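J.: First the structure, then my questions, so here it is.
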Amino acid sequence: MDYVQLKSGMVVPASFAEAAVAAPERGEIATTRDGRDITRGYVSPFEQLAPQDSVLMARGAGNYQIYREVLRDTQVKSTLSQRFGAVVSRTWEVEPGGNSAVDKAAAEFLKEQLKDCAWDAATSKMLYGVYYGYGVAEMMWGRDGRYVTIDKIKVRDRRRFAYDGAMQLRLLTMSKPSPGELLPERKFWNFCTGADHDDEPYGLGLAHWLYWPVFFKRNGIKFWMIFLEKFGTPTAKGTYPGGASASEKTKLLDALQAISTDAGVIIPEGMAIELIEAARSGTADYTELYDRMDAAIAKVVLGQTLTSEAAGGQYKAEVQMDVRQDLVKSDADLICESFNSGPARWLTEWNFPGARLPRVFRQIDEGEDLAERAKVDQALHEMGYEPESIEQINETYGGRWKKKTAPPPVGSAAVVDPVAVDFAEAPAAVAAAVAEQLALETGAAQLAAQWEALLGDRVQQILAFAEETGDLATLRDRLVEILKGPPSEKVVQSLENAGFSARLMGLTAGEKD
């Protein structure tokens with residue numbers, strides 16, 4: 001065996017050295033072409049590729065019409081509208097891929113194009129790709145001077161398209177129903193979702209899981225109608241004598257049939273009619289089946305049931321609403337990312353060569369509840385805390401704020417300056433008001449100097465709890481409980497004494513003046 005010495009000084013077999021310096025394999029090995037996919041067998045690149053959706057193939061022979069029938073169910077339609085509407089209702093934005101002038105120009109151009117081509121309407125229709133498994137839209141390109149523009153985005157019926165063995169999208173036509181016409185590049189925007197691997201271009205939509213709940217629900221209603229007919233209306237029974245002729249039997253049968261529509265009937269003499277009440281035992285509540293299937297549909301589409309049914313407590317509804325928010329974000333990212341990697345890229349490369357690609361996205365996160373934040377800030381302010389700077393307030397609540405200048409109180413030193421006013425010459429009412437205000441301020445200052453002795457325990461209790469918890473909501477609730485407690489008798493007595501003393505000081509000051 002031959003040996004070589006590496007740069008590190010280590011001596012290894014020559015075969016090991018060759019493997020260590022070999023370039024990585026960049027080609028596709030586990031391709032689905034040329035019969036390498038054992039799950040499909042050999043499929044020619046020029047043959048139509050069949051979906052691997054077991055329900056679609058077994059119940060509809062690959063025809064997506066069976067999933068269109070599922071859409072007629074009211075619960076399916078309602079929950080899908082709720083899920084898709086939650087995406088479209090969010091605002092969308094376009095951000096530049098970089099900070100250069102051309103990057104910003106490309107982003108601004110894309111934003112204007114989406115405004116003019118009804119982006120929300122296109123998003124709403126393309127979201128049905130989440131239901132079926134894949135979606136297809138045709139980009140109608142236009143021209144405005146030197147720029148390529150988007151005239152319109154036309155979402156097409158996916159039943160008109162198929163993929164071939166080379167995973168290329170084809171248009172099925174009357175002249176070429178299989179495998180269809182090969183489509184030009186950079187013309188159709190398409191995506192797939194739901195499959196657990198990349199070898200399924202058709203994806204696996206929500207309809208795969210919704211088919212059976214809707215099937216059982218519809219068949220349950222059919223039996224429910226039979227049940228109501230059988231047990232809601234008694235069965236009429238006619239009795240004819242042994243020697244009755246065929247015509248007499250016919251007359252009796254006509255009379256029985258008339259019972260369901262006529263107020264009164266006549267029967268031949270010697271014959272009798274009676275009503276048979278159907279009896280049953282056990283449970284035959286088809287409403288329970290109906291409700292269970294509706295709940296299953298809601299779980300498939302929304303990830304939970306509480307936002308579609310009035311069930312459970314408010315707390316559970318809020319918690320499970322967060323799960324649905326994850327689905328909303330997932331749907332929004334799916335649409336936007338597929339558009340960014342397709343039409344947005346093509347448009348930018350045509351019009352702004354060299355620009356970093358802009359990104360369209362929807363703002364899903366609702367951000368902090370400013371009303372709750374304001375309550376916490378107010379509680380902290382009452383405890384003696386304040387923001388470090390006005391910039392912190394602007395950053396938290398938005399806008400541009402400045403501290404409000406409080407109007408001076410009537411009769412205070414700010415209105416009548418006791419230094420600049422000669423009390424002997426000032427009117428008696430003004431002098432008395434100034435003296436009383438100064439006395440009150442003096443009393444308040446004396447009371448404030450004793451705050452630690454009066455309120456120190458309560459403040460220390462609040463500060464200790466604030467340091468222990470990092471949850472603002474819990475801190476707010478705890479503050480409410482603490483502040484609800486009655487103040488100590490020492491605090492109440494001190495406030496009463498301070499008020500009385502201040503009043504007395506004011507009266508005394510007025511008499512001296």
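Residue names in the structure tokens use chain letters A, B, ... in the order shown, residue numbers from 1 in each chain, and ligand numbers from 1 in the order shown.
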Which residues, written as an MDAnalysis selection string, have at least one atom at most 9 Å from Phe188 (chain A), with only C-alpha atoms counted and residues fewer than 5 positions away on the same chain left out?

T.: chainID A and resid 136:139 169 183 342:343

J.: Determine which residues of region 89-214 of chain A DSSP labels as helix (DSSP H, G or I) from the backbone of this structure, then write them out as a PyMOL selection string.

T.: chain A and resi 101-116+119-126+128-132+158-160+207-214

J.: Create the file for the chosen residues now, containing C-alpha atoms and written as a PDB file, in the first residue's frame.

T.:
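As a result, part_4.pdb now contains:
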ATOM      1  CA  ALA A 101     -29.903  53.987  -3.913  1.00  0.00           C
ATOM      2  CA  VAL A 102     -30.632  51.260  -6.470  1.00  0.00           C
ATOM      3  CA  ASP A 103     -31.779  48.888  -3.692  1.00  0.00           C
ATOM      4  CA  LYS A 104     -34.254  51.453  -2.396  1.00  0.00           C
ATOM      5  CA  ALA A 105     -35.435  52.303  -5.918  1.00  0.00           C
ATOM      6  CA  ALA A 106     -36.129  48.626  -6.652  1.00  0.00           C
ATOM      7  CA  ALA A 107     -38.160  48.301  -3.430  1.00  0.00           C
ATOM      8  CA  GLU A 108     -40.167  51.447  -4.129  1.00  0.00           C
ATOM      9  CA  PHE A 109     -40.890  50.278  -7.674  1.00  0.00           C
ATOM     10  CA  LEU A 110     -42.113  46.886  -6.459  1.00  0.00           C
ATOM     11  CA  LYS A 111     -44.325  48.569  -3.860  1.00  0.00           C
ATOM     12  CA  GLU A 112     -45.997  50.733  -6.478  1.00  0.00           C
ATOM     13  CA  GLN A 113     -46.556  47.713  -8.738  1.00  0.00           C
ATOM     14  CA  LEU A 114     -48.270  45.744  -5.980  1.00  0.00           C
ATOM     15  CA  LYS A 115     -50.517  48.693  -5.181  1.00  0.00           C
ATOM     16  CA  ASP A 116     -51.670  48.854  -8.802  1.00  0.00           C
ATOM     17  CA  TRP A 119     -52.130  42.478  -4.284  1.00  0.00           C
ATOM     18  CA  ASP A 120     -54.662  41.631  -1.545  1.00  0.00           C
ATOM     19  CA  ALA A 121     -57.087  40.089  -4.044  1.00  0.00           C
ATOM     20  CA  ALA A 122     -54.312  37.998  -5.587  1.00  0.00           C
ATOM     21  CA  THR A 123     -53.154  36.892  -2.129  1.00  0.00           C
ATOM     22  CA  SER A 124     -56.686  35.859  -1.142  1.00  0.00           C
ATOM     23  CA  LYS A 125     -57.019  33.590  -4.183  1.00  0.00           C
ATOM     24  CA  MET A 126     -53.513  32.163  -3.994  1.00  0.00           C
ATOM     25  CA  TYR A 128     -56.455  28.456  -1.651  1.00  0.00           C
ATOM     26  CA  GLY A 129     -53.230  26.722  -2.604  1.00  0.00           C
ATOM     27  CA  VAL A 130     -52.999  25.940   1.120  1.00  0.00           C
ATOM     28  CA  TYR A 131     -56.334  24.131   0.781  1.00  0.00           C
ATOM     29  CA  TYR A 132     -55.577  22.210  -2.433  1.00  0.00           C
ATOM     30  CA  ARG A 158     -55.086  24.513 -10.705  1.00  0.00           C
ATOM     31  CA  ARG A 159     -57.084  21.753 -12.405  1.00  0.00           C
ATOM     32  CA  ARG A 160     -55.834  23.159 -15.713  1.00  0.00           C
ATOM     33  CA  ALA A 207     -58.557  19.203   1.716  1.00  0.00           C
ATOM     34  CA  HIS A 208     -56.795  15.862   2.226  1.00  0.00           C
ATOM     35  CA  TRP A 209     -57.786  15.956   5.919  1.00  0.00           C
ATOM     36  CA  LEU A 210     -61.133  17.718   5.466  1.00  0.00           C
ATOM     37  CA  TYR A 211     -62.612  15.237   3.003  1.00  0.00           C
ATOM     38  CA  TRP A 212     -63.634  12.544   5.502  1.00  0.00           C
ATOM     39  CA  PRO A 213     -65.173  14.809   8.190  1.00  0.00           C
ATOM     40  CA  VAL A 214     -67.323  16.419   5.501  1.00  0.00           C
TER      41      VAL A 214
END

J.: Write out as a list in words the residues lying within 9 Å of region 41-51 of chain A, counting only C-alpha atoms and excluding same-chain residues fewer than 3 positions away.

T.: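 Contacts, with the query itself left out: Thr32, Arg33, Asp34, Gly35, Arg36, Asp37, Ile38, Ser54, Leu56, Met57, Gly62, Ala162, Tyr163, Asp164, Gly165, Ala166, Met167, Gln168, Arg170, Ser178, Pro179, Gly180, Glu200, Pro201, Tyr202 and Gly203 of chain A.
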
J.: Restricting the calculation to only C-alpha atoms: of A:Gln304, A:Gln52, A:Gln325, A:Ser81, which residue gets closest to Arg40 (chain A)?

T.: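 The shortest atom-to-atom distance to Arg40 (chain A) comes from A:Gln52.
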
J.: Using DSSP on the backbone coordinates, identify all residues within region 52-228 of chain A classified as strand (DSSP E); present the result as a PyMOL selection string.

T.: chain A and resi 92-95+134-144+147-156+161-163+169-171+181-182+188-192

J.: What does the file look like for those residues with N, CA and C atoms, as a CSV table (one decimal), in the first residue's frame?

T.:
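Below you can see selection.csv, which holds the result:
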chain,number,residue,atom,x,y,z
A,92,TRP,N,-49.4,45.0,4.5
A,92,TRP,CA,-48.1,44.5,3.8
A,92,TRP,C,-47.2,45.6,3.5
A,93,GLU,N,-45.9,45.2,3.5
A,93,GLU,CA,-44.8,46.2,3.3
A,93,GLU,C,-43.8,45.6,2.4
A,94,VAL,N,-43.0,46.5,1.8
A,94,VAL,CA,-41.9,46.1,1.0
A,94,VAL,C,-40.6,46.8,1.5
A,95,GLU,N,-39.6,46.0,1.8
A,95,GLU,CA,-38.4,46.6,2.4
A,95,GLU,C,-37.2,46.3,1.4
A,134,TYR,N,-51.4,23.2,-3.8
A,134,TYR,CA,-50.6,24.1,-4.7
A,134,TYR,C,-51.4,25.1,-5.4
A,135,GLY,N,-50.8,26.2,-5.8
A,135,GLY,CA,-51.5,27.3,-6.5
A,135,GLY,C,-50.7,27.8,-7.7
A,136,VAL,N,-51.4,28.3,-8.7
A,136,VAL,CA,-50.8,28.8,-9.9
A,136,VAL,C,-51.4,30.1,-10.3
A,137,ALA,N,-50.5,31.1,-10.6
A,137,ALA,CA,-51.0,32.4,-11.1
A,137,ALA,C,-50.2,32.8,-12.3
A,138,GLU,N,-50.8,33.5,-13.2
A,138,GLU,CA,-50.1,33.9,-14.4
A,138,GLU,C,-49.8,35.4,-14.3
A,139,MET,N,-48.6,35.8,-14.5
A,139,MET,CA,-48.1,37.1,-14.4
A,139,MET,C,-48.4,37.8,-15.8
A,140,MET,N,-49.2,38.8,-15.8
A,140,MET,CA,-49.5,39.6,-17.0
A,140,MET,C,-48.5,40.8,-17.0
A,141,TRP,N,-47.4,40.6,-17.7
A,141,TRP,CA,-46.4,41.7,-17.7
A,141,TRP,C,-46.8,42.8,-18.7
A,142,GLY,N,-46.3,44.0,-18.4
A,142,GLY,CA,-46.6,45.2,-19.2
A,142,GLY,C,-45.3,45.9,-19.4
A,143,ARG,N,-45.4,47.1,-20.0
A,143,ARG,CA,-44.2,47.9,-20.3
A,143,ARG,C,-44.6,49.4,-20.0
A,144,ASP,N,-43.7,50.1,-19.3
A,144,ASP,CA,-43.9,51.5,-19.0
A,144,ASP,C,-42.5,52.1,-19.3
A,147,TYR,N,-39.2,50.3,-18.2
A,147,TYR,CA,-39.5,49.3,-17.1
A,147,TYR,C,-40.5,48.2,-17.5
A,148,VAL,N,-40.3,47.0,-17.1
A,148,VAL,CA,-41.3,46.0,-17.2
A,148,VAL,C,-42.2,46.1,-15.9
A,149,THR,N,-43.5,46.1,-16.2
A,149,THR,CA,-44.4,46.3,-15.1
A,149,THR,C,-45.3,45.1,-14.9
A,150,ILE,N,-46.1,45.1,-13.8
A,150,ILE,CA,-47.1,44.1,-13.6
A,150,ILE,C,-48.5,44.7,-13.9
A,151,ASP,N,-49.1,44.2,-15.0
A,151,ASP,CA,-50.4,44.7,-15.4
A,151,ASP,C,-51.5,44.1,-14.5
A,152,LYS,N,-51.3,42.8,-14.2
A,152,LYS,CA,-52.3,42.1,-13.4
A,152,LYS,C,-51.7,40.7,-13.0
A,153,ILE,N,-52.3,40.2,-11.9
A,153,ILE,CA,-51.9,38.9,-11.5
A,153,ILE,C,-53.2,38.0,-11.6
A,154,LYS,N,-53.2,37.1,-12.5
A,154,LYS,CA,-54.4,36.2,-12.7
A,154,LYS,C,-54.2,34.9,-12.1
A,155,VAL,N,-54.9,34.6,-11.0
A,155,VAL,CA,-54.8,33.3,-10.4
A,155,VAL,C,-55.7,32.3,-11.2
A,156,ARG,N,-55.0,31.2,-11.6
A,156,ARG,CA,-55.7,30.2,-12.5
A,156,ARG,C,-56.2,29.0,-11.7
A,161,PHE,N,-53.7,22.6,-14.8
A,161,PHE,CA,-52.2,22.4,-14.8
A,161,PHE,C,-51.8,21.0,-14.3
A,162,ALA,N,-50.6,20.6,-14.6
A,162,ALA,CA,-50.0,19.4,-14.1
A,162,ALA,C,-48.5,19.5,-14.2
A,163,TYR,N,-47.8,18.6,-13.5
A,163,TYR,CA,-46.4,18.6,-13.6
A,163,TYR,C,-46.0,17.3,-14.4
A,169,LEU,N,-44.0,22.6,-14.7
A,169,LEU,CA,-45.4,22.9,-14.8
A,169,LEU,C,-45.8,22.9,-16.2
A,170,ARG,N,-47.0,22.3,-16.5
A,170,ARG,CA,-47.5,22.2,-17.9
A,170,ARG,C,-49.0,22.6,-17.9
A,171,LEU,N,-49.4,23.2,-19.0
A,171,LEU,CA,-50.8,23.6,-19.1
A,171,LEU,C,-51.6,22.5,-19.9
A,181,GLU,N,-49.0,21.4,-22.4
A,181,GLU,CA,-48.1,22.3,-23.1
A,181,GLU,C,-47.0,22.8,-22.1
A,182,LEU,N,-45.8,22.8,-22.5
A,182,LEU,CA,-44.7,23.3,-21.6
A,182,LEU,C,-44.8,24.8,-21.6
A,188,PHE,N,-45.2,32.1,-15.0
A,188,PHE,CA,-46.2,31.6,-14.0
A,188,PHE,C,-45.6,31.6,-12.6
A,189,TRP,N,-46.3,32.1,-11.7
A,189,TRP,CA,-46.0,32.1,-10.3
A,189,TRP,C,-46.7,30.9,-9.6
A,190,ASN,N,-46.0,29.9,-9.1
A,190,ASN,CA,-46.6,28.8,-8.5
A,190,ASN,C,-45.8,28.3,-7.2
A,191,PHE,N,-46.5,27.6,-6.4
A,191,PHE,CA,-45.9,27.1,-5.1
A,191,PHE,C,-46.7,25.9,-4.7
A,192,CYS,N,-46.1,25.1,-3.9
A,192,CYS,CA,-46.8,23.9,-3.3
A,192,CYS,C,-46.5,23.9,-1.8

J.: So, counting only C-alpha atoms, which residue among A:Ser247, A:Asn394, A:Thr39, A:Thr348 is closest to Gly97 (chain A)?

T.: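 When distances to Gly97 (chain A) are compared using only C-alpha atoms, the smallest one comes from A:Thr348.
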
J.: From the set A:Cys336, A:Leu127, A:Val55, A:Leu380, which residue has the shortest atom-to-atom contact distance to Val360 (chain A), counting only C-alpha atoms?

T.: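 Selected residue with least distance to Val360 (chain A): A:Cys336.
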
J.: What does the distance from CA of Lys329 (chain A) to CA of Arg186 (chain A) come to in Å, to one decimal?

T.: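 Between CA of Lys329 (chain A) and CA of Arg186 (chain A) the gap works out to 26.7 Å.
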